[in-house]
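Enquirer: Below: one structure in structure tokens.
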4 protein chains.
Amino acid sequence: MTIKPPFFEIGPKAFLYGEEMLKLAKAADKASAKYDVRIILTLQPTDIYLLAKETQHVLIFAQHMDPLHIGRGLGSILPEAIKAAGAVGVMLNHAEKPMSISDLNKAIKRADQVGLVTIVCADTIEEAQAIAHFSPNIIVAEPTKLIGTGQPSDSQYILKTTSAIKKINPAIQVLQGAGISNGRDVYNVIKAGAEATGTTSGIMKAQDPEAMLDEMIHAVRTAWDEIYNQ
Amino acid sequence: MTIKPPFFEIGPKAFLYGEEMLKLAKAADKASAKYDVRIILTLQPTDIYLLAKETQHVLIFAQHMDPLHIGRGLGSILPEAIKAAGAVGVMLNHAEKPMSISDLNKAIKRADQVGLVTIVCADTIEEAQAIAHFSPNIIVAEPTKLIGTGQPSDSQYILKTTSAIKKINPAIQVLQGAGISNGRDVYNVIKAGAEATGTTSGIMKAQDPEAMLDEMIHAVRTAWDEIYNQ
Amino acid sequence: MTIKPPFFEIGPKAFLYGEEMLKLAKAADKASAKYDVRIILTLQPTDIYLLAKETQHVLIFAQHMDPLHIGRGLGSILPEAIKAAGAVGVMLNHAEKPMSISDLNKAIKRADQVGLVTIVCADTIEEAQAIAHFSPNIIVAEPTKLIGTGQPSDSQYILKTTSAIKKINPAIQVLQGAGISNGRDVYNVIKAGAEATGTTSGIMKAQDPEAMLDEMIHAVRTAWDEIYNQ
Amino acid sequence: MTIKPPFFEIGPKAFLYGEEMLKLAKAADKASAKYDVRIILTLQPTDIYLLAKETQHVLIFAQHMDPLHIGRGLGSILPEAIKAAGAVGVMLNHAEKPMSISDLNKAIKRADQVGLVTIVCADTIEEAQAIAHFSPNIIVAEPTKLIGTGQPSDSQYILKTTSAIKKINPAIQVLQGAGISNGRDVYNVIKAGAEATGTTSGIMKAQDPEAMLDEMIHAVRTAWDEIYNQ
């Protein structure tokens, strides 16, 4: 399973849920169609059902799932339940929800069984390389040092991480995150060679999140067209 | 917040989700109205929205939530998100999802802020007494030794745990669990003085879960009426 | 098992270990004898053996142990191993090493079996009351709000927590912590009615930790004598 | 840091500690010298100091450590404290003490800083490859399926894992574990091309652990000489 590049991930974490999240999801749905850019929304599990039903273009992901099988496990998040609710993918191993090596390996296998796209977070280049051996669909290469600095990854880091990951498994897609605060940052990251990027705080903390979302998705398209469609 | 006794909790854990869970929830909805018995369903978070919308009488609970506040916390389950999806309560500290003392204390306070009923599990009488100091709405007194034995708590244990908890906080309701496998067990527990009971495996592993559910809820009503309505 | 009051706990956490810890332990040993005040040292597990051998008066405690039994459990800290190395007690449930309700309950039982004194941390009055039902030997009542403020608990808080705990189990000893930065703070806490107090940062961050230790233990004795020995 | 092959790891887990562990360590010390085979003992942290002092040839390892730095972290195991107590290495990520990807990466870096040899456990070939990117000194390739079966890894598995790991980082040494119950198993694993093997249950559950230890270390030497010293 691959997502046609360019794509963009919005991580509302525990900032947005319910009605407000639905509103942002509809704006993302519109922007996705308008600019022909795939948008991943990583949601609170309670929002998956409604948002999957109320949107057409965005890709609904869970923020986490456990590697358990149908049966016991009260309080765990079951892969089959996420899928049944309408999710097409799941994020794993975010810095705020770290997984053990063995659980991550199993969760990626469970996602493959159930038919969920996996987007896995890595803090360093070595972690990205390590995770590549588990064959997720997408790796988020997010240099921890840059998170919250408003300073996006530079061209050299982007090329270095992308090539390190693809050398191990060329089928893995790479999302370059961290430090995205406006359309200009998005433009620069895509121009530097990324096939995808994304943000949480850049949108959550914007005065007008929907306007910022449109600006960013527009920037993805502009940068992408300047490289590939001229 | 109190739930009018008698009541009954069904814990589908990670056994049931989606369409099958909806079907069982509708049967529970019918049984709740038919026998005038409150039924708590503790669901996978992804099922909360749909089942809250599609049912009228059952009480939709989450299986777990984290004590975090709106903001960061990717992969955590936000109290406000559960509530917004339609849950009226949350289970905490099940043996399959143990919480630290401090997190449990905070989660109960968060539930109170947000307006969610709390049902908290205790493995032993001392744990039930300890938890009573955090003032949850309901405590599940489930002697670990009896889980899966098909042997329900006896009258003496029921009176002992109930009085131990109520001595600390008389407003806390007590659910007597463990070892319920059919209507007869349910009848015996309620007759022994419980205001509530419940089961996971008794229904999940029944050949006809919906028929078993009806049998059990009927038994709650019969036993209750024999004590209080004659 | 009770510790003759007044007593004092020093928590080197991960600040001190090895030679430097041994040096501080010897100073504590001297102060304990000089002022007839019991001193608990909560150590890194690797320091237990040597310090138990090289000291005579201080009470050697582990910082944590797991509730497991002899057998499997690589990487866990076995109660019997702590005891065999020379510890007389163990701290449990510190805010930096929180335990689940069930594990804490089991660990206290294991300590009783093995013959280790338990000193259990509580963040709030409700948590102290909850923990009292597990019958540890000592509860540390440390209002989280005051940690690191350099502002010790006041007389009212001390009486309130002590009475709340003793009402549940009068055999439990209460250590009043948080905000101790010098001999004056120690004096005030003991004069306010505490039978024990302690500090980490007050000693670890002092310019001359051994001089500060002597000052604090001297203050315990002075305050205690003013109340009970005149 | 490399350990001169052939070598052998004995993991007493929480089976042995104190006097009994010291007795086994002395037998291991003798066998190590007698057969010129390096022996790693992974110990409860409380045993490190004494056993490091009382042995000459065995390599004293901790069963686990946390990636923290000197400072706060009560209840954690500080790398510097392990080293100061006399350990020369540390085991990480055993199936009974799983670590997050990020913590494992950091713990290996901390071990390098402090000067501790790292021996890291992997459940599957992909996990071994992943871990190889963090450059530990030794990887334990232990197919989970074989643990406790009394059936050691076969020649093909040994060659496959060794080459998969060395392809990523040829400096990493590979220990082939799982299913070792007597000298014959040890002989077969070394003859199949392993540079190291080891056992927990094979020795812990033997009627005469010290005799079994001697038998196994003898087998290492015999097999090794048949390959390399003839």
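Each chain of the structure tokens is named A, B, ... in the order shown, its residues numbered from 1; ligands are numbered from 1 in display order.
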Tell me, which residues of region 2-203 of chain D carry DSSP strand (DSSP E), written as a ChimeraX atom specification?
Expert: /D:7-10,38-43,59-62,89-92,117-122,138-141,173-176,196-199
Enquirer: Export C-alpha atoms of the chosen residues as a short mmCIF file (atom, residue, chain, number, x, y, z; two decimals), in the first residue's frame?
Expert:
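Result written to out_13.cif:
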data_model
loop_
_atom_site.label_atom_id
_atom_site.label_comp_id
_atom_site.auth_asym_id
_atom_site.auth_seq_id
_atom_site.Cartn_x
_atom_site.Cartn_y
_atom_site.Cartn_z
CA PHE D 7 32.09 -16.96 24.94
CA PHE D 8 29.05 -18.07 26.92
CA GLU D 9 26.32 -16.19 28.80
CA ILE D 10 24.61 -17.40 31.96
CA ARG D 38 34.88 -16.09 28.38
CA ILE D 39 31.74 -16.31 30.58
CA ILE D 40 29.24 -13.46 30.95
CA LEU D 41 27.11 -13.49 34.13
CA THR D 42 24.03 -11.21 33.94
CA LEU D 43 23.21 -10.44 37.57
CA LEU D 59 32.54 -10.92 33.02
CA ILE D 60 30.03 -9.26 35.37
CA PHE D 61 27.02 -7.75 33.57
CA ALA D 62 23.89 -6.02 34.83
CA GLY D 89 28.67 -4.68 30.69
CA VAL D 90 24.87 -4.62 30.60
CA MET D 91 22.12 -6.65 28.96
CA LEU D 92 19.33 -4.66 27.32
CA VAL D 117 29.78 -3.62 26.91
CA THR D 118 26.20 -3.99 25.58
CA ILE D 119 24.49 -7.31 24.92
CA VAL D 120 21.08 -6.73 23.36
CA CYS D 121 18.32 -9.32 22.85
CA ALA D 122 16.34 -9.73 19.62
CA ILE D 138 26.73 -8.16 21.07
CA ILE D 139 23.29 -9.23 19.80
CA VAL D 140 21.53 -12.27 21.25
CA ALA D 141 19.66 -13.92 18.38
CA GLN D 173 29.25 -10.20 17.85
CA VAL D 174 26.36 -12.65 17.73
CA LEU D 175 25.30 -14.96 20.56
CA GLN D 176 23.02 -17.82 19.53
CA ALA D 196 28.89 -17.64 21.50
CA THR D 197 25.87 -19.23 23.14
CA GLY D 198 24.26 -19.34 26.56
CA THR D 199 21.43 -20.48 28.76
#
Enquirer: With only C-alpha atoms counted and 10 Å as the cut-off, give the residues of chain B in contact with chain C, each with its shortest interatomic distance in Å and the pair that gives it, as a tab-separated table.
Expert:
residue	atom	partner	partner_atom	distance
B:Asn93	CA	C:Ile101	CA	8.5
B:Ala95	CA	C:Ser102	CA	8.3
B:Lys97	CA	C:Ser100	CA	9.7
B:Pro98	CA	C:Ser100	CA	6.0
B:Met99	CA	C:Ser100	CA	5.1
B:Ser100	CA	C:Ser100	CA	3.9
B:Ile101	CA	C:Ile101	CA	5.5
B:Ser102	CA	C:Asp123	CA	7.2
B:Asp103	CA	C:Ser100	CA	9.0
B:Leu104	CA	C:Ile101	CA	8.8
B:Asn105	CA	C:Glu127	CA	7.6
B:Ala122	CA	C:Ser102	CA	8.2
B:Asp123	CA	C:Ser102	CA	7.2
B:Thr124	CA	C:Ser102	CA	8.6
B:Ile125	CA	C:His133	CA	9.3
B:Glu126	CA	C:His133	CA	5.7
B:Glu127	CA	C:Ile101	CA	7.1
B:Ala128	CA	C:Ala130	CA	9.2
B:Gln129	CA	C:His133	CA	6.8
B:Ala130	CA	C:Ala130	CA	3.8
B:Ile131	CA	C:Ala130	CA	6.3
B:Ala132	CA	C:Ala130	CA	7.6
B:His133	CA	C:Glu126	CA	5.7
B:Phe134	CA	C:Glu126	CA	6.4
B:Ser135	CA	C:Glu126	CA	9.4
B:Ile168	CA	C:Ile168	CA	9.9
Enquirer: Any chance you could export the current selection's N, CA, C and O atoms as a tab-separated table (two decimals), in the first residue's frame?
Expert:
chain	number	residue	atom	x	y	z
B	93	ASN	N	-8.81	1.12	35.49
B	93	ASN	CA	-8.00	0.20	36.32
B	93	ASN	C	-8.42	-1.28	36.23
B	93	ASN	O	-8.23	-2.03	37.18
B	95	ALA	N	-7.88	-5.12	35.41
B	95	ALA	CA	-6.65	-5.92	35.56
B	95	ALA	C	-5.86	-5.98	34.25
B	95	ALA	O	-4.64	-6.13	34.27
B	97	LYS	N	-5.64	-3.45	32.19
B	97	LYS	CA	-5.19	-2.06	31.91
B	97	LYS	C	-4.95	-1.34	33.24
B	97	LYS	O	-5.62	-0.35	33.57
B	98	PRO	N	-3.97	-1.85	34.03
B	98	PRO	CA	-3.75	-1.29	35.37
B	98	PRO	C	-3.25	0.15	35.30
B	98	PRO	O	-2.53	0.53	34.39
B	99	MET	N	-3.66	0.94	36.28
B	99	MET	CA	-3.23	2.34	36.34
B	99	MET	C	-2.43	2.57	37.62
B	99	MET	O	-2.65	1.92	38.64
B	100	SER	N	-1.53	3.55	37.57
B	100	SER	CA	-0.82	3.92	38.79
B	100	SER	C	-1.81	4.61	39.72
B	100	SER	O	-2.84	5.14	39.28
B	101	ILE	N	-1.49	4.60	40.99
B	101	ILE	CA	-2.36	5.22	41.99
B	101	ILE	C	-2.61	6.68	41.65
B	101	ILE	O	-3.74	7.16	41.70
B	102	SER	N	-1.56	7.36	41.28
B	102	SER	CA	-1.68	8.78	41.00
B	102	SER	C	-2.50	9.05	39.74
B	102	SER	O	-3.35	9.94	39.71
B	103	ASP	N	-2.28	8.25	38.69
B	103	ASP	CA	-3.07	8.42	37.46
B	103	ASP	C	-4.54	8.09	37.69
B	103	ASP	O	-5.42	8.75	37.13
B	104	LEU	N	-4.82	7.07	38.47
B	104	LEU	CA	-6.21	6.71	38.74
B	104	LEU	C	-6.91	7.84	39.49
B	104	LEU	O	-8.03	8.23	39.14
B	105	ASN	N	-6.24	8.38	40.48
B	105	ASN	CA	-6.79	9.49	41.25
B	105	ASN	C	-7.10	10.67	40.33
B	105	ASN	O	-8.19	11.25	40.37
B	122	ALA	N	-11.31	-3.36	41.20
B	122	ALA	CA	-10.45	-3.66	42.34
B	122	ALA	C	-10.29	-5.18	42.44
B	122	ALA	O	-11.25	-5.92	42.33
B	123	ASP	N	-9.05	-5.61	42.67
B	123	ASP	CA	-8.74	-7.05	42.71
B	123	ASP	C	-8.99	-7.70	44.06
B	123	ASP	O	-9.19	-8.90	44.16
B	124	THR	N	-8.86	-6.89	45.11
B	124	THR	CA	-8.98	-7.42	46.47
B	124	THR	C	-9.79	-6.44	47.31
B	124	THR	O	-10.03	-5.30	46.88
B	125	ILE	N	-10.18	-6.86	48.50
B	125	ILE	CA	-10.93	-5.95	49.38
B	125	ILE	C	-10.10	-4.73	49.74
B	125	ILE	O	-10.59	-3.61	49.71
B	126	GLU	N	-8.81	-4.92	50.03
B	126	GLU	CA	-7.98	-3.74	50.37
B	126	GLU	C	-7.91	-2.75	49.20
B	126	GLU	O	-7.91	-1.55	49.40
B	127	GLU	N	-7.83	-3.29	47.98
B	127	GLU	CA	-7.77	-2.39	46.83
B	127	GLU	C	-9.10	-1.64	46.68
B	127	GLU	O	-9.12	-0.46	46.34
B	128	ALA	N	-10.20	-2.32	46.93
B	128	ALA	CA	-11.50	-1.67	46.87
B	128	ALA	C	-11.58	-0.55	47.90
B	128	ALA	O	-12.06	0.55	47.62
B	129	GLN	N	-11.08	-0.81	49.10
B	129	GLN	CA	-11.09	0.22	50.15
B	129	GLN	C	-10.20	1.40	49.75
B	129	GLN	O	-10.57	2.56	49.93
B	130	ALA	N	-9.03	1.08	49.22
B	130	ALA	CA	-8.10	2.13	48.80
B	130	ALA	C	-8.76	3.02	47.75
B	130	ALA	O	-8.77	4.25	47.86
B	131	ILE	N	-9.34	2.38	46.74
B	131	ILE	CA	-9.96	3.12	45.63
B	131	ILE	C	-11.13	3.96	46.11
B	131	ILE	O	-11.41	5.03	45.57
B	132	ALA	N	-11.82	3.50	47.13
B	132	ALA	CA	-12.98	4.24	47.65
B	132	ALA	C	-12.61	5.66	48.07
B	132	ALA	O	-13.43	6.57	47.99
B	133	HIS	N	-11.35	5.87	48.48
B	133	HIS	CA	-10.92	7.21	48.88
B	133	HIS	C	-10.86	8.19	47.71
B	133	HIS	O	-10.78	9.39	47.91
B	134	PHE	N	-10.86	7.66	46.49
B	134	PHE	CA	-10.83	8.53	45.30
B	134	PHE	C	-12.26	8.86	44.83
B	134	PHE	O	-12.43	9.54	43.83
B	135	SER	N	-13.26	8.35	45.54
B	135	SER	CA	-14.66	8.64	45.26
B	135	SER	C	-15.12	8.40	43.82
B	135	SER	O	-15.69	9.29	43.19
B	168	ILE	N	-16.36	3.54	53.91
B	168	ILE	CA	-15.48	4.65	53.54
B	168	ILE	C	-16.25	5.74	52.81
B	168	ILE	O	-16.06	6.91	53.05
Enquirer: Can you tell me, as number ranges by chain, what residues are no more than 8 Å from Thr55 (chain D) when counting only C-alpha atoms, ignoring any on the same chain fewer than 6 positions away?
Expert: D: 25-26, 29
Enquirer: Using only C-alpha atoms, determine which residues lie at most 10 Å from Met65 (chain B), disregarding the query and same-chain residues fewer than 6 positions distant; provide the list as a list in words.
Expert: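 Residues near the query, excluding close chain neighbours: Gly75 of chain A; Pro45, Ser76, Ile77, Leu78, Pro79, Glu80, Ala81, Ile82, Val90, Met91, Leu92, Asn93, Leu104, Ala107, Ile108, Arg110 and Ala111 of chain B.
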Enquirer: Report the residues of region 49-154 of chain C whose backbone DSSP state falls under alpha helix (DSSP H), written as a compact mmCIF listing (two decimals) with N, CA, C and O atoms, in the first residue's frame.
Expert:
# COMPACT_ATOMS: atom_id res chain seq x y z
N TYR C 49 24.94 -3.49 48.95
CA TYR C 49 25.85 -4.44 49.59
C TYR C 49 26.99 -3.74 50.35
O TYR C 49 27.20 -3.96 51.54
N LEU C 50 27.70 -2.87 49.63
CA LEU C 50 28.86 -2.21 50.24
C LEU C 50 28.46 -1.32 51.41
O LEU C 50 29.09 -1.36 52.47
N LEU C 51 27.42 -0.52 51.22
CA LEU C 51 27.05 0.43 52.27
C LEU C 51 26.47 -0.26 53.50
O LEU C 51 26.64 0.22 54.62
N ALA C 52 25.80 -1.39 53.27
CA ALA C 52 25.30 -2.14 54.43
C ALA C 52 26.48 -2.68 55.25
O ALA C 52 26.44 -2.73 56.48
N LYS C 53 27.55 -3.04 54.53
CA LYS C 53 28.72 -3.59 55.20
C LYS C 53 29.55 -2.52 55.90
O LYS C 53 30.12 -2.75 56.96
N GLU C 54 29.60 -1.35 55.31
CA GLU C 54 30.49 -0.29 55.79
C GLU C 54 29.84 0.67 56.79
O GLU C 54 30.47 1.65 57.17
N PRO C 79 12.78 -9.00 45.56
CA PRO C 79 12.78 -8.69 47.01
C PRO C 79 13.84 -9.46 47.79
O PRO C 79 14.60 -8.86 48.58
N GLU C 80 13.94 -10.76 47.56
CA GLU C 80 14.93 -11.57 48.29
C GLU C 80 16.36 -11.11 48.01
O GLU C 80 17.23 -11.24 48.90
N ALA C 81 16.63 -10.62 46.81
CA ALA C 81 17.99 -10.20 46.46
C ALA C 81 18.38 -8.93 47.20
O ALA C 81 19.52 -8.76 47.64
N ILE C 82 17.42 -8.02 47.35
CA ILE C 82 17.65 -6.78 48.11
C ILE C 82 17.97 -7.11 49.56
O ILE C 82 18.91 -6.57 50.15
N LYS C 83 17.16 -7.97 50.11
CA LYS C 83 17.33 -8.38 51.51
C LYS C 83 18.69 -9.05 51.70
O LYS C 83 19.43 -8.72 52.63
N ALA C 84 19.01 -9.98 50.81
CA ALA C 84 20.28 -10.71 50.93
C ALA C 84 21.49 -9.78 50.84
O ALA C 84 22.52 -10.02 51.44
N ALA C 85 21.34 -8.69 50.08
CA ALA C 85 22.47 -7.76 49.93
C ALA C 85 22.66 -6.91 51.17
O ALA C 85 23.68 -6.24 51.31
N ILE C 101 -1.81 0.11 41.41
CA ILE C 101 -2.42 -0.20 42.70
C ILE C 101 -2.17 -1.66 43.06
O ILE C 101 -1.80 -2.00 44.19
N SER C 102 -2.36 -2.53 42.10
CA SER C 102 -2.23 -3.95 42.35
C SER C 102 -0.78 -4.34 42.64
O SER C 102 -0.50 -5.11 43.56
N ASP C 103 0.16 -3.79 41.88
CA ASP C 103 1.58 -4.08 42.12
C ASP C 103 2.04 -3.54 43.47
O ASP C 103 2.84 -4.18 44.17
N LEU C 104 1.57 -2.37 43.84
CA LEU C 104 1.97 -1.80 45.14
C LEU C 104 1.46 -2.68 46.27
O LEU C 104 2.21 -3.00 47.21
N ASN C 105 0.21 -3.09 46.17
CA ASN C 105 -0.38 -3.97 47.18
C ASN C 105 0.44 -5.26 47.31
O ASN C 105 0.79 -5.69 48.41
N LYS C 106 0.79 -5.84 46.16
CA LYS C 106 1.58 -7.08 46.17
C LYS C 106 3.00 -6.84 46.69
O LYS C 106 3.55 -7.68 47.41
N ALA C 107 3.61 -5.73 46.32
CA ALA C 107 4.99 -5.47 46.75
C ALA C 107 5.06 -5.30 48.26
O ALA C 107 6.02 -5.74 48.90
N ILE C 108 4.05 -4.66 48.84
CA ILE C 108 4.05 -4.51 50.31
C ILE C 108 3.92 -5.88 50.98
O ILE C 108 4.62 -6.17 51.95
N LYS C 109 3.09 -6.74 50.42
CA LYS C 109 2.96 -8.11 50.96
C LYS C 109 4.27 -8.88 50.82
O LYS C 109 4.68 -9.61 51.73
N ARG C 110 4.94 -8.73 49.67
CA ARG C 110 6.22 -9.40 49.46
C ARG C 110 7.27 -8.90 50.46
O ARG C 110 8.06 -9.69 50.99
N ALA C 111 7.28 -7.60 50.70
CA ALA C 111 8.23 -7.03 51.67
C ALA C 111 7.99 -7.62 53.06
O ALA C 111 8.93 -7.95 53.78
N ASP C 112 6.71 -7.76 53.42
CA ASP C 112 6.38 -8.36 54.72
C ASP C 112 6.90 -9.79 54.80
O ASP C 112 7.47 -10.21 55.81
N GLN C 113 6.70 -10.55 53.73
CA GLN C 113 7.17 -11.95 53.68
C GLN C 113 8.68 -12.05 53.87
O GLN C 113 9.18 -12.92 54.57
N VAL C 114 9.38 -11.16 53.18
CA VAL C 114 10.84 -11.22 53.12
C VAL C 114 11.47 -10.55 54.33
O VAL C 114 12.62 -10.82 54.68
N ILE C 125 -3.48 13.73 50.04
CA ILE C 125 -4.07 13.11 51.23
C ILE C 125 -4.89 11.88 50.85
O ILE C 125 -4.80 10.85 51.51
N GLU C 126 -5.69 11.97 49.79
CA GLU C 126 -6.48 10.78 49.39
C GLU C 126 -5.57 9.59 49.06
O GLU C 126 -5.90 8.45 49.34
N GLU C 127 -4.45 9.87 48.38
CA GLU C 127 -3.54 8.77 48.05
C GLU C 127 -2.93 8.17 49.32
O GLU C 127 -2.76 6.96 49.42
N ALA C 128 -2.62 9.02 50.29
CA ALA C 128 -2.09 8.52 51.55
C ALA C 128 -3.12 7.64 52.25
O ALA C 128 -2.79 6.56 52.77
N GLN C 129 -4.37 8.06 52.22
CA GLN C 129 -5.43 7.25 52.84
C GLN C 129 -5.59 5.93 52.11
O GLN C 129 -5.74 4.87 52.72
N ALA C 130 -5.57 6.00 50.78
CA ALA C 130 -5.71 4.78 49.97
C ALA C 130 -4.59 3.79 50.31
O ALA C 130 -4.85 2.62 50.61
N ILE C 131 -3.38 4.29 50.32
CA ILE C 131 -2.21 3.44 50.56
C ILE C 131 -2.24 2.86 51.98
O ILE C 131 -1.77 1.74 52.21
N ALA C 132 -2.81 3.58 52.91
CA ALA C 132 -2.88 3.11 54.30
C ALA C 132 -3.59 1.75 54.39
O ALA C 132 -3.29 0.95 55.28
Enquirer: If you measure from CA of Lys191 (chain A) to CA of Lys160 (chain A), what distance in Å do you get, rounded to one decimal?
Expert: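 Distance between the two atoms: 15.0 Å.
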Enquirer: Counting only C-alpha atoms, figure out which residue out of C:Thr200, C:Ser155, C:Asn229, C:Gln207 gets nearest to Gly71 (chain D).
Expert: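 Of all the options, C:Thr200 lies closest to Gly71 (chain D).
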Enquirer: Taking only C-alpha atoms into account, name the residue in D:Ala33, D:Ile227, D:Ala27, D:Leu68 that is nearest to Phe15 (chain C).
Expert: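 Nearest to Phe15 (chain C): D:Leu68.
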Enquirer: Using only C-alpha atoms, which residues sit within 12 Å of Asp208 (chain A) once same-chain residues fewer than 5 positions away are excluded, as an NGL selection string?
Expert: :A and (24 or 27 or 182 or 202-203 or 213-215)
Enquirer: Please produce an output containing all heavy atoms for each residue in the selection, written as a JSON list (two decimals), in the first residue's frame.
Expert:
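What landed in result19.json:
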[["chain", "number", "residue", "atom", "x", "y", "z"],
["A", 24, "LEU", "N", -12.44, 20.92, 10.89],
["A", 24, "LEU", "CA", -11.11, 20.96, 10.27],
["A", 24, "LEU", "C", -10.99, 19.86, 9.21],
["A", 24, "LEU", "O", -10.39, 20.06, 8.15],
["A", 24, "LEU", "CB", -10.01, 20.79, 11.32],
["A", 24, "LEU", "CG", -8.58, 20.95, 10.81],
["A", 24, "LEU", "CD1", -8.30, 22.41, 10.42],
["A", 24, "LEU", "CD2", -7.56, 20.49, 11.84],
["A", 27, "ALA", "N", -12.53, 20.97, 6.03],
["A", 27, "ALA", "CA", -11.65, 21.91, 5.33],
["A", 27, "ALA", "C", -10.50, 21.15, 4.66],
["A", 27, "ALA", "O", -10.10, 21.47, 3.53],
["A", 27, "ALA", "CB", -11.09, 22.93, 6.32],
["A", 182, "ASN", "N", 4.44, 27.32, 8.63],
["A", 182, "ASN", "CA", 3.62, 28.05, 7.65],
["A", 182, "ASN", "C", 3.86, 27.50, 6.24],
["A", 182, "ASN", "O", 4.63, 26.55, 6.06],
["A", 182, "ASN", "CB", 3.94, 29.55, 7.69],
["A", 182, "ASN", "CG", 5.44, 29.79, 7.57],
["A", 182, "ASN", "OD1", 6.11, 29.17, 6.73],
["A", 182, "ASN", "ND2", 5.98, 30.65, 8.42],
["A", 202, "GLY", "N", 1.79, 23.72, 13.87],
["A", 202, "GLY", "CA", 1.65, 24.73, 12.82],
["A", 202, "GLY", "C", 0.19, 25.04, 12.51],
["A", 202, "GLY", "O", -0.17, 26.18, 12.22],
["A", 203, "ILE", "N", -0.65, 24.00, 12.61],
["A", 203, "ILE", "CA", -2.09, 24.23, 12.35],
["A", 203, "ILE", "C", -2.86, 24.47, 13.64],
["A", 203, "ILE", "O", -3.68, 25.38, 13.73],
["A", 203, "ILE", "CB", -2.68, 23.04, 11.54],
["A", 203, "ILE", "CG1", -2.16, 23.13, 10.09],
["A", 203, "ILE", "CG2", -4.20, 23.05, 11.59],
["A", 203, "ILE", "CD1", -2.64, 22.03, 9.17],
["A", 213, "LEU", "N", -4.24, 25.70, 6.97],
["A", 213, "LEU", "CA", -4.27, 24.42, 6.29],
["A", 213, "LEU", "C", -4.29, 24.63, 4.77],
["A", 213, "LEU", "O", -3.52, 24.01, 4.03],
["A", 213, "LEU", "CB", -5.52, 23.65, 6.75],
["A", 213, "LEU", "CG", -5.70, 22.21, 6.32],
["A", 213, "LEU", "CD1", -6.57, 21.48, 7.35],
["A", 213, "LEU", "CD2", -6.31, 22.06, 4.94],
["A", 214, "ASP", "N", -5.13, 25.52, 4.30],
["A", 214, "ASP", "CA", -5.21, 25.78, 2.87],
["A", 214, "ASP", "C", -3.88, 26.31, 2.35],
["A", 214, "ASP", "O", -3.39, 25.87, 1.30],
["A", 214, "ASP", "CB", -6.35, 26.79, 2.60],
["A", 214, "ASP", "CG", -6.59, 26.97, 1.11],
["A", 214, "ASP", "OD1", -5.89, 27.82, 0.50],
["A", 214, "ASP", "OD2", -7.43, 26.24, 0.54],
["A", 215, "GLU", "N", -3.28, 27.22, 3.10],
["A", 215, "GLU", "CA", -1.98, 27.79, 2.71],
["A", 215, "GLU", "C", -0.92, 26.70, 2.57],
["A", 215, "GLU", "O", -0.15, 26.67, 1.60],
["A", 215, "GLU", "CB", -1.55, 28.81, 3.77],
["A", 215, "GLU", "CG", -0.16, 29.40, 3.53],
["A", 215, "GLU", "CD", 0.30, 30.30, 4.69],
["A", 215, "GLU", "OE1", -0.54, 31.04, 5.25],
["A", 215, "GLU", "OE2", 1.49, 30.25, 5.04]]
Enquirer: Have a look at CA of Gly11 (chain C) and CA of Ser32 (chain C) and let me know their distance in Å, one decimal.
Expert: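 Computing the Euclidean distance for CA of Gly11 (chain C) and CA of Ser32 (chain C) yields 15.6 Å.
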Enquirer: What is the distance, in Å and to one decimal place, between CA of Tyr228 (chain A) and CA of Val186 (chain A)?
Expert: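 Interatomic distance here is 16.3 Å.
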Enquirer: Calculated over only C-alpha atoms, which of the candidates D:Val37, D:Val189, D:Ile3, D:Ala14 has the smallest distance to Ile217 (chain D)?
Expert: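 Counting only C-alpha atoms, the residue closest to Ile217 (chain D) is D:Val37.
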Enquirer: Give me the residues near Asp225 (chain D) as a PyMOL selection string, where near means some atom within 12 Å (using only C-alpha atoms) and where sequence neighbours in that chain fewer than 2 positions away do not count.
Expert: chain D and resi 5-6+35-37+187+190-191+195+218-223+227-230
